Each structure stands twice: as structure tokens, then as C-alpha cells.
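Text of target11.cif, listed as mmCIF, C-alpha atoms and all ligand atoms:
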data_work
#
loop_
_atom_site.label_atom_id
_atom_site.label_comp_id
_atom_site.auth_asym_id
_atom_site.auth_seq_id
_atom_site.Cartn_x
_atom_site.Cartn_y
_atom_site.Cartn_z
CA MET A 68 66.80 96.88 96.55
CA ASP A 69 70.14 95.84 97.99
CA ASP A 70 73.49 97.57 97.52
CA ASP A 71 74.55 95.23 94.76
CA GLY A 72 71.38 95.93 92.80
CA ILE A 73 71.87 99.67 92.85
CA THR A 74 75.58 99.43 92.02
CA HIS A 75 74.81 97.21 89.10
CA ARG A 76 72.14 99.53 87.77
CA VAL A 77 74.39 102.55 87.97
CA GLU A 78 77.46 100.95 86.52
CA ALA A 79 75.90 98.92 83.76
CA ASP A 80 75.57 100.31 80.28
CA ASP A 81 72.07 101.66 79.55
CA ARG A 82 71.39 98.96 77.03
CA THR A 83 72.49 96.01 79.13
CA ARG A 84 71.00 97.05 82.46
CA PRO A 85 68.48 94.42 83.54
CA ARG A 86 65.00 95.88 83.66
CA SER A 87 62.82 92.88 84.37
CA MET A 88 60.87 93.50 87.57
CA THR A 89 58.81 90.30 87.75
CA THR A 90 59.33 86.78 86.55
CA ASP A 91 56.30 87.19 84.25
CA ASP A 92 58.13 89.74 82.08
CA THR A 93 59.02 88.65 78.56
CA VAL A 94 60.77 90.26 75.61
CA PRO A 95 58.27 92.56 73.84
CA ASP A 96 57.53 91.93 70.17
CA PRO A 97 58.66 94.46 67.55
CA LEU A 98 55.86 96.89 66.68
CA GLU A 99 55.51 95.46 63.14
CA GLU A 100 54.44 92.12 64.69
CA GLN A 101 52.06 93.72 67.19
CA LEU A 102 50.43 96.20 64.80
CA PRO A 103 47.41 93.93 64.10
CA ALA A 104 46.78 93.71 67.88
CA VAL A 105 47.14 97.49 68.21
CA ARG A 106 44.61 97.96 65.39
CA THR A 107 42.18 95.56 67.09
CA ALA A 108 42.55 97.32 70.46
CA LEU A 109 41.78 100.67 68.80
CA SER A 110 38.81 99.23 66.87
CA ASN A 111 37.29 97.94 70.12
CA ALA A 112 37.42 101.37 71.80
CA SER A 113 35.78 104.72 71.29
CA ARG A 114 38.56 106.77 72.90
CA LEU A 115 42.33 106.63 73.23
CA LEU A 116 44.38 107.57 76.29
CA ALA A 117 47.95 108.11 75.05
CA CYS A 118 50.47 108.33 77.91
CA LEU A 119 54.03 109.25 77.01
CA ASP A 120 57.26 109.22 78.98
CA PHE A 121 59.71 112.03 78.21
CA ASP A 122 63.47 111.23 78.49
CA GLY A 123 64.52 108.39 76.22
CA THR A 124 61.05 108.28 74.64
CA LEU A 125 60.19 111.70 73.17
CA ALA A 126 63.67 113.12 73.84
CA PRO A 127 66.90 111.26 73.05
CA ILE A 128 69.12 110.61 76.07
CA VAL A 129 71.90 113.22 76.35
CA GLU A 130 74.80 113.75 78.77
CA GLU A 131 73.45 116.95 80.27
CA PRO A 132 69.88 116.59 81.68
CA ASP A 133 69.14 120.29 81.17
CA GLU A 134 69.75 119.93 77.45
CA ALA A 135 67.18 117.18 76.86
CA ALA A 136 64.59 118.15 74.24
CA PRO A 137 62.00 116.26 72.20
CA THR A 138 62.94 115.53 68.61
CA PRO A 139 61.16 117.99 66.27
CA ALA A 140 59.18 115.05 64.87
CA ASN A 141 57.98 114.04 68.33
CA GLU A 142 57.18 117.62 69.23
CA ALA A 143 54.94 117.92 66.14
CA ALA A 144 53.42 114.46 66.56
CA VAL A 145 52.49 115.04 70.23
CA GLU A 146 50.89 118.37 69.42
CA ALA A 147 48.89 116.85 66.55
CA LEU A 148 47.74 113.87 68.63
CA ALA A 149 46.78 116.11 71.54
CA ALA A 150 44.55 118.13 69.18
CA GLU A 151 42.49 115.03 68.28
CA SER A 152 39.11 115.18 70.02
CA ALA A 153 38.95 111.40 70.57
CA VAL A 154 42.37 111.31 72.25
CA THR A 155 43.45 112.25 75.77
CA THR A 156 47.20 112.80 75.76
CA ALA A 157 49.32 112.78 78.93
CA ILE A 158 53.02 113.16 79.66
CA ILE A 159 54.14 110.93 82.55
CA SER A 160 57.69 111.85 83.56
CA GLY A 161 60.29 111.31 86.26
CA ARG A 162 61.19 114.99 85.97
CA ALA A 163 59.59 117.65 88.13
CA LEU A 164 56.21 118.68 86.73
CA THR A 165 57.26 122.31 86.15
CA ASP A 166 60.37 121.11 84.32
CA VAL A 167 58.74 118.64 81.92
CA ARG A 168 55.86 121.03 81.24
CA GLU A 169 58.33 123.54 79.84
CA ARG A 170 59.86 120.95 77.53
CA ILE A 171 56.81 119.71 75.59
CA ASP A 172 53.56 121.42 74.64
CA GLY A 173 50.15 120.08 73.70
CA PRO A 174 48.89 117.52 76.22
CA SER A 175 46.07 118.35 78.60
CA ILE A 176 47.59 116.25 81.40
CA TYR A 177 51.09 116.17 82.89
CA ALA A 178 52.43 113.94 85.67
CA GLY A 179 55.81 114.74 87.21
CA ASN A 180 58.11 113.06 89.74
CA HIS A 181 57.04 109.59 88.56
CA GLY A 182 53.36 110.35 89.20
CA LEU A 183 53.70 112.03 92.61
CA GLU A 184 52.34 115.27 91.11
CA LEU A 185 49.55 115.39 88.55
CA GLU A 186 48.25 118.39 86.62
CA ARG A 187 44.85 118.15 84.95
CA ARG A 188 41.92 120.49 84.46
CA GLY A 189 44.20 123.39 85.44
CA SER A 190 45.05 122.23 88.94
CA VAL A 191 47.94 120.23 90.41
CA ALA A 192 47.47 117.37 92.87
CA VAL A 193 50.48 116.32 94.95
CA HIS A 194 50.77 113.03 96.82
CA PRO A 195 50.27 114.13 100.46
CA VAL A 196 52.98 111.89 101.92
CA ALA A 197 55.48 113.02 99.27
CA ARG A 198 54.64 116.63 100.07
CA LYS A 199 55.37 116.01 103.78
CA ARG A 200 58.73 114.43 102.95
CA ALA A 201 59.90 117.21 100.63
CA THR A 202 61.91 118.85 103.42
CA ARG A 203 63.92 115.66 103.83
CA ILE A 204 64.65 115.64 100.09
CA GLU A 205 65.74 119.27 100.27
CA ARG A 206 68.13 118.59 103.17
CA ALA A 207 69.51 115.50 101.47
CA CYS A 208 70.17 117.53 98.29
CA GLU A 209 71.94 120.30 100.22
CA THR A 210 74.18 117.80 101.98
CA LEU A 211 74.85 115.84 98.80
CA GLU A 212 76.04 119.02 97.07
CA THR A 213 78.94 119.04 99.55
CA ALA A 214 79.42 115.27 99.80
CA LEU A 215 79.63 114.81 96.01
CA GLU A 216 81.43 118.06 95.27
CA PRO A 217 84.84 116.32 94.89
CA ILE A 218 83.44 113.74 92.42
CA PRO A 219 84.03 114.89 88.83
CA ASN A 220 80.77 115.59 86.98
CA ALA A 221 78.45 114.24 89.68
CA ARG A 222 75.24 116.21 89.40
CA ILE A 223 72.25 116.50 91.73
CA GLU A 224 68.82 117.36 90.31
CA ASP A 225 66.56 118.58 93.10
CA LYS A 226 62.99 117.91 91.94
CA ARG A 227 61.42 118.87 95.29
CA LEU A 228 59.44 115.64 95.79
CA THR A 229 62.28 113.42 94.58
CA ALA A 230 65.91 113.99 93.62
CA THR A 231 68.21 112.48 91.03
CA VAL A 232 71.95 111.91 91.37
CA HIS A 233 73.35 111.75 87.84
CA VAL A 234 76.44 109.63 87.16
CA ARG A 235 76.37 109.54 83.33
CA SER A 236 79.46 111.77 83.09
CA VAL A 237 81.13 110.51 86.27
CA PRO A 238 84.21 108.30 85.72
CA GLU A 239 83.18 104.65 86.12
CA ALA A 240 85.66 104.10 88.95
CA ALA A 241 83.92 106.76 91.05
CA HIS A 242 80.40 105.28 90.76
CA PRO A 243 80.68 103.17 93.94
CA VAL A 244 81.77 106.24 95.93
CA VAL A 245 78.79 108.23 94.61
CA GLU A 246 76.48 105.45 95.60
CA ARG A 247 77.98 105.01 99.06
CA ARG A 248 77.85 108.72 99.87
CA THR A 249 74.32 109.03 98.48
CA ARG A 250 73.18 106.12 100.60
CA GLU A 251 74.78 107.58 103.75
CA VAL A 252 73.05 110.93 103.21
CA VAL A 253 69.69 109.34 102.40
CA ASP A 254 69.92 107.15 105.52
CA ARG A 255 70.74 110.24 107.61
CA PHE A 256 67.91 112.46 106.38
CA GLY A 257 65.44 109.86 105.23
CA GLY A 258 65.60 106.89 107.60
CA ASP A 259 62.67 104.72 106.54
CA ALA A 260 60.94 107.70 104.91
CA LEU A 261 63.16 107.86 101.81
CA GLU A 262 64.58 105.19 99.52
CA ILE A 263 66.87 104.93 96.52
CA SER A 264 65.87 103.35 93.22
CA GLY A 265 67.59 103.14 89.84
CA GLY A 266 67.27 104.35 86.28
CA LYS A 267 69.50 105.13 83.33
CA GLN A 268 72.79 106.23 84.89
CA ILE A 269 70.98 107.75 87.85
CA LEU A 270 70.15 107.15 91.50
CA GLU A 271 66.62 108.30 92.28
CA ILE A 272 65.98 109.45 95.84
CA GLU A 273 62.27 109.25 96.57
CA PRO A 274 59.74 108.88 99.38
CA SER A 275 59.29 105.22 100.28
CA ILE A 276 55.63 105.00 99.34
CA PRO A 277 53.88 102.55 97.03
CA TRP A 278 53.09 105.05 94.29
CA GLY A 279 54.47 105.24 90.79
CA LYS A 280 53.74 106.06 87.17
CA GLY A 281 51.26 103.16 86.95
CA ASN A 282 49.12 104.69 89.70
CA ALA A 283 49.04 108.01 87.85
CA VAL A 284 47.97 106.27 84.63
CA GLU A 285 45.19 104.41 86.49
CA LEU A 286 43.98 107.65 88.06
CA ILE A 287 43.76 109.36 84.66
CA ASP A 288 42.15 106.34 83.00
CA ALA A 289 39.51 106.02 85.73
CA GLU A 290 37.95 109.34 84.69
CA LEU A 291 37.60 108.41 81.02
CA PRO A 292 34.73 106.45 79.41
CA GLU A 293 34.85 102.72 80.04
CA ASP A 294 35.59 101.87 76.41
CA THR A 295 38.82 103.88 76.39
CA VAL A 296 41.96 102.04 75.27
CA ALA A 297 45.10 103.07 77.15
CA LEU A 298 48.53 103.25 75.55
CA TYR A 299 51.84 103.87 77.32
CA ILE A 300 55.25 104.43 75.73
CA GLY A 301 58.38 104.51 77.89
CA ASP A 302 61.99 103.40 78.08
CA ASP A 303 63.05 103.00 81.70
CA THR A 304 62.54 101.01 84.87
CA THR A 305 59.93 103.35 86.34
CA ASP A 306 57.82 102.89 83.20
CA GLU A 307 57.26 99.22 84.04
CA SER A 308 54.43 99.95 86.51
CA ALA A 309 52.73 101.99 83.78
CA PHE A 310 53.08 99.14 81.27
CA ARG A 311 51.38 96.92 83.85
CA ALA A 312 48.60 99.47 84.28
CA VAL A 313 47.69 99.41 80.57
CA GLU A 314 48.43 95.79 79.60
CA PRO A 315 46.91 93.46 78.51
CA ASP A 316 43.76 95.31 77.36
CA GLY A 317 45.76 98.36 76.31
CA VAL A 318 49.15 98.68 74.67
CA GLY A 319 52.53 99.08 76.41
CA ILE A 320 55.43 100.02 74.14
CA LEU A 321 59.01 99.80 75.37
CA VAL A 322 61.58 102.03 73.68
CA GLY A 323 64.62 99.78 73.78
CA ASP A 324 66.22 96.50 72.85
CA ASP A 325 65.08 92.94 73.27
CA GLU A 326 65.04 93.03 77.08
CA PRO A 327 62.29 91.61 79.30
CA SER A 328 59.52 94.05 80.16
CA ALA A 329 55.84 94.18 81.09
CA ALA A 330 55.26 95.90 77.73
CA SER A 331 53.97 93.71 74.89
CA THR A 332 55.53 95.79 72.13
CA ARG A 333 58.81 97.55 71.44
CA VAL A 334 60.33 100.17 69.19
CA ALA A 335 64.01 101.04 68.99
CA SER A 336 64.28 104.79 69.39
CA PRO A 337 62.56 108.18 69.87
CA ALA A 338 62.54 108.43 66.05
CA ASP A 339 60.40 105.28 65.92
CA VAL A 340 58.14 106.75 68.61
CA ALA A 341 57.52 109.76 66.33
CA SER A 342 56.65 107.49 63.38
CA PHE A 343 54.19 105.54 65.54
CA LEU A 344 52.57 108.70 66.95
CA GLU A 345 52.18 110.03 63.39
CA TRP A 346 50.54 106.73 62.39
CA LEU A 347 48.24 106.94 65.42
CA GLU A 348 47.14 110.46 64.52
CA THR A 349 46.57 109.79 60.82
CA THR A 350 45.39 106.15 60.80
CA GLY A 351 44.99 104.83 64.34
CA VAL A 352 42.44 107.41 65.43
CA GLU A 353 40.27 106.54 62.41
CA LEU A 354 39.99 102.98 63.75
CA LEU A 355 38.30 104.08 66.98
CA ALA A 356 34.61 103.17 67.00
CA GLU A 357 32.19 106.09 66.47
O1 LIG B 401 60.51 109.42 83.28
P1 LIG B 401 61.40 110.25 82.40
O2 LIG B 401 60.71 111.45 81.85
O3 LIG B 401 62.04 109.43 81.34
O4 LIG B 401 62.55 110.78 83.38
C1 LIG B 401 63.55 109.87 83.89
C2 LIG B 401 64.75 110.68 84.27
O5 LIG B 401 65.10 111.40 83.07
C3 LIG B 401 66.18 112.33 83.16
O6 LIG B 401 67.39 111.60 83.25
C4 LIG B 401 67.64 110.80 82.10
O7 LIG B 401 67.79 111.68 80.96
C5 LIG B 401 68.94 112.56 81.01
C6 LIG B 401 68.90 113.43 79.76
O8 LIG B 401 68.88 112.65 78.61
C7 LIG B 401 70.22 111.71 81.11
O9 LIG B 401 71.36 112.56 81.19
C8 LIG B 401 70.14 110.81 82.35
O10 LIG B 401 71.29 109.95 82.38
C9 LIG B 401 68.88 109.95 82.26
O11 LIG B 401 68.73 109.12 83.42
C10 LIG B 401 65.95 113.30 84.28
O12 LIG B 401 67.07 114.13 84.42
C11 LIG B 401 65.59 112.60 85.60
O13 LIG B 401 65.19 113.58 86.54
C12 LIG B 401 64.42 111.67 85.38
O14 LIG B 401 64.12 110.96 86.56
#
Starting from the file, give its structure as C-alpha cells.
Ligand SMILES: O=P(O)(O)OC[C@H]1O[C@H](O[C@H]2O[C@H](CO)[C@@H](O)[C@H](O)[C@H]2O)[C@H](O)[C@@H](O)[C@@H]1O
Amino acid sequence: MDDDGITHRVEADDRTRPRSMTTDDTVPDPLEEQLPAVRTALSNASRLLACLDFDGTLAPIVEEPDEAAPTPANEAAVEALAAESAVTTAIISGRALTDVRERIDGPSIYAGNHGLELERRGSVAVHPVARKRATRIERACETLETALEPIPNARIEDKRLTATVHVRSVPEAAHPVVERRTREVVDRFGGDALEISGGKQILEIEPSIPWGKGNAVELIDAELPEDTVALYIGDDTTDESAFRAVEPDGVGILVGDDEPSAASTRVASPADVASFLEWLETTGVELLAE
């Protein structure tokens, strides 16, 4: 991604930021229009893999990342769905695994750092290259603390395998400075080993390896029976690879507006996610073949 791309992502409003990653992406249909297809996909399967993003999906976006929490309705719906014997429920987050695990209970599987760490069956697997590059992330974070200290409200979230520079509360005029200083530090400590990507009012510093949420979803899905239908709900750029992993046989649901995405379906808000998860648990699961 070039400088202009990153600047645009950081400065643009969440709702207008372009998210299309390939020319094949189209605007997803509202859930009401796609519900017959969702019912059919469930009817053709014996098991459901339900993968859920956290921020912006289960938890409304808030200014302060530490204060993000699932809505009570989502909290209850995830717990109920996770208790269904025909459903495997997974949280797939950009947050550190230990962080997101503390924020939502119920699922048997958690992926953190955009899929670089994966907890299932009681053990955690970490991408080996990401593990090796963690020291670079640590050094970059330490240096950024000083480099961004004069910028009002700039915040660095050290997630060990990746790091996030938050600009949501930074005055708009200072965004280019944040980006420039972040890039200088990442170049210094990362070279070709680290890269910067975007998100909702954030710069993500990550190892430059071809691994994302979609790979984590594929890994989880590969261990389930062949007639499992996979579902993924997410709201941000890093969720696109996961939408691609489940579509077209499964169901990708974008939480957002009418913007192009690899997801076939969209809902407007975390409140709508809760309604859909409740429907899945009460009605959708009944559609799965015996
Ligand atoms: O994949 P996710 O679970 O959605 O994580 C993506 C990033 O989410 C968090 O940042 C976002 O949410 C914050 C709280 O609402 C908000 O302040 C920020 O502007 C958003 O970008 C999290 O802090 C990051 O580490 C995740 O990468």
C-alpha cells in the first residue's frame, strides 16, 4: 500500500473509507434479501461454523479501545450459540488473543492478532514467523511511544505480534504527522520484515507475511466435517480475507453500509448482529440436516 492509501484510510470517516480489495467486490445485499439463501445453506449442512469479529461487530466502536465491550444482547447470543452442539463458534479478532478472550465468553476457539495466534483445544498456536518478528514490534512500540508523545491523544496498542497506532481521538490535522513518524519507525525496526496496513482510524503494524483472518478461518474449517457451512461476520478491512474464505458456499456478513465487499450479505450494526445470532440459535440451527 502506498503512502496515499494509508493517509486516506486514516483520515477518511469510518463510513466512507473505501474497503473494496478486489475488482470482484460488490455491494452486499441486506440480510432480509439474503435470508432465503442463508436458510438454504444451513439446510444443506449438518454443522455450522460461526466465526465472529469483535470490534464493530459484537462491540460497538468507541473512542477508547480499552473500553470496548460486547453489547449485552451479543454477549448473551454468543454464549447461547456456543452452547449449541451442532455449532462451532470462534472469535476472530485483530486484538491480542489474551485481550479479546477477556472480553467475550463462550466460544471454544479464539484467534487473535488477525489470525496470527489461534487458541483451540486448550492450546495456542502462534505463526512462527510472527513470533520471530515480535522483538521488532516491541522495539517499534517503544520508539513510537517517544515519537508520538507530543501528538495529542495518539495511542499505541502493543499486541506483541502486531501493534496498532490509534488516531481516532487525534486532531485531523495531525494524522499525516502520525503516519509519517510511524512509517519512519517501522522502516527503521522492520525493514522488509514489517509493514503497515489500515483499519478504522488505525495504522496496523504487522509482520509482512501472507497470513490473515481468512487463513485462520480455513484452518478451523479444515478440521470440521465436510458438510459444515461456514459463516463469518465482520466490519473492517481485515475481515475481507475471511469473507473470501467462507463465500460463496458459506455466508459472509458485513456490518456496515452499502460499500463493496467480498461478503454477500450486510447488516447495519452490532444490534443487528445480535438479532441475527438470536435467529441462528433459535431457528437457523433447526434447519441443519440431522
Ligand atoms: O478485528 P477486530 O476484533 O475488529 O479488531 C480490529 C481493531 O479493533 C480495535 O480498534 C477498533 O476499535 C476501537 C474500539 O472501538 C476503536 O477505538 C478503534 O478506532 C478501532 O479501529 C483494536 O483496538 C485494534 O487492536 C484491532 O486491530
**OP:** Pick out the residues sitting within 10 Å of A:Ala221, and hand them over as a PyMOL selection string; count all atoms listed in the file, and ignore anything fewer than 3 positions along from it in its own chain.
**Re:** chain A and resi 211-212+215-218+232-238+241-242+245
**OP:** May I ask you to write as JSON, numbers by chain all residues lying at most 6 Å from ligand LIG 401 (chain B), with all atoms listed in the file counted?
**Re:** {"A": [120, 121, 122, 123, 128, 129, 130, 131, 132, 135, 160, 161, 162, 231, 235, 266, 267, 268, 269]}
Subject >> Exercise: A:Glu184 partners within 12 Å, only C-alpha atoms, chain neighbours under 2 positions left out, as an MDAnalysis selection string >> reply: chainID A and resid 158:165 167:168 176:182 186:187 190:198 226:229 278:280 282:284 286
Original post:
Which protein, DNA or RNA residues have an atom at most 12 Å from (76.0, 115.9, 106.5), counting only C-alpha atoms? List them as a PyMOL selection string.
Top reply: chain A and resi 206-215+248-256
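Restricting the calculation to all atoms listed in the file, the smallest distance between A:Val322 and any of A:Leu291, A:Val105, A:Ala240, A:Leu125 is found for A:Leu125.
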Original post:
Counting all atoms listed in the file, which of A:Ser113, A:Asn141, A:Thr93, A:Thr156 gets nearest to A:Thr332?
Top reply: A:Thr93
Can you tell me, as a PDB file with C-alpha atoms, keeping the file's coordinate frame, what residues are no more than 9 Å from A:Ala147 when counting all atoms listed in the file, ignoring any on the same chain fewer than 6 positions away?
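Okay, part_2.pdb is ready:
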ATOM      1  CA  GLY A 173      50.150 120.080  73.700  1.00  0.00           C
ATOM      2  CA  LEU A 344      52.570 108.700  66.950  1.00  0.00           C
ATOM      3  CA  GLU A 345      52.180 110.030  63.390  1.00  0.00           C
ATOM      4  CA  GLU A 348      47.140 110.460  64.520  1.00  0.00           C
TER       5      GLU A 348
END
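Around A:Asp96, within 7 Å and counting all atoms listed in the file, the residues found are Val94, Leu98, Glu100, Gln101, Ser331, Thr332 and Arg333 of chain A, once anything fewer than 2 positions away on its own chain is removed.
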Within-12 Å shell of (55.5, 96.0, 69.1) in input frame, all atoms listed in the file, as a PDB file with C-alpha atoms, keeping the file's coordinate frame:
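Result written to out_39.pdb:
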ATOM      1  CA  VAL A  94      60.770  90.260  75.610  1.00  0.00           C
ATOM      2  CA  PRO A  95      58.270  92.560  73.840  1.00  0.00           C
ATOM      3  CA  ASP A  96      57.530  91.930  70.170  1.00  0.00           C
ATOM      4  CA  PRO A  97      58.660  94.460  67.550  1.00  0.00           C
ATOM      5  CA  LEU A  98      55.860  96.890  66.680  1.00  0.00           C
ATOM      6  CA  GLU A  99      55.510  95.460  63.140  1.00  0.00           C
ATOM      7  CA  GLU A 100      54.440  92.120  64.690  1.00  0.00           C
ATOM      8  CA  GLN A 101      52.060  93.720  67.190  1.00  0.00           C
ATOM      9  CA  LEU A 102      50.430  96.200  64.800  1.00  0.00           C
ATOM     10  CA  PRO A 103      47.410  93.930  64.100  1.00  0.00           C
ATOM     11  CA  ALA A 104      46.780  93.710  67.880  1.00  0.00           C
ATOM     12  CA  VAL A 105      47.140  97.490  68.210  1.00  0.00           C
ATOM     13  CA  ARG A 106      44.610  97.960  65.390  1.00  0.00           C
ATOM     14  CA  LEU A 298      48.530 103.250  75.550  1.00  0.00           C
ATOM     15  CA  TYR A 299      51.840 103.870  77.320  1.00  0.00           C
ATOM     16  CA  ILE A 300      55.250 104.430  75.730  1.00  0.00           C
ATOM     17  CA  VAL A 318      49.150  98.680  74.670  1.00  0.00           C
ATOM     18  CA  GLY A 319      52.530  99.080  76.410  1.00  0.00           C
ATOM     19  CA  ILE A 320      55.430 100.020  74.140  1.00  0.00           C
ATOM     20  CA  LEU A 321      59.010  99.800  75.370  1.00  0.00           C
ATOM     21  CA  VAL A 322      61.580 102.030  73.680  1.00  0.00           C
ATOM     22  CA  GLY A 323      64.620  99.780  73.780  1.00  0.00           C
ATOM     23  CA  ASP A 324      66.220  96.500  72.850  1.00  0.00           C
ATOM     24  CA  ASP A 325      65.080  92.940  73.270  1.00  0.00           C
ATOM     25  CA  SER A 328      59.520  94.050  80.160  1.00  0.00           C
ATOM     26  CA  ALA A 330      55.260  95.900  77.730  1.00  0.00           C
ATOM     27  CA  SER A 331      53.970  93.710  74.890  1.00  0.00           C
ATOM     28  CA  THR A 332      55.530  95.790  72.130  1.00  0.00           C
ATOM     29  CA  ARG A 333      58.810  97.550  71.440  1.00  0.00           C
ATOM     30  CA  VAL A 334      60.330 100.170  69.190  1.00  0.00           C
ATOM     31  CA  ALA A 335      64.010 101.040  68.990  1.00  0.00           C
ATOM     32  CA  ASP A 339      60.400 105.280  65.920  1.00  0.00           C
ATOM     33  CA  VAL A 340      58.140 106.750  68.610  1.00  0.00           C
ATOM     34  CA  PHE A 343      54.190 105.540  65.540  1.00  0.00           C
TER      35      PHE A 343
END
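Our summary of the geometry notes that atom CA of A:Glu142 is positioned 9.3 Å from atom CA of A:Arg170.
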Original post:
What's the 6 Å shell around A:Ile272, counting all atoms listed in the file, without same-chain residues fewer than 4 positions away, as a count of residues only?
Top reply: 4
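Among the candidates A:Pro337, A:Gly317, A:Gly265, A:Gly281, the residue lying nearest to A:Asp303 is A:Gly265 (atoms considered: all atoms listed in the file).
Ranking A:Val313, A:Ala140, A:Ala329, A:Leu270 by their shortest atom-to-atom distance to A:Ile223, with all atoms listed in the file included, puts A:Leu270 first.
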**OP:** Find the residue from A:Glu285, A:Ala157, A:Leu119, A:Ser336 that sits nearest to A:Arg311; use only C-alpha atoms when measuring.
**Re:** A:Glu285
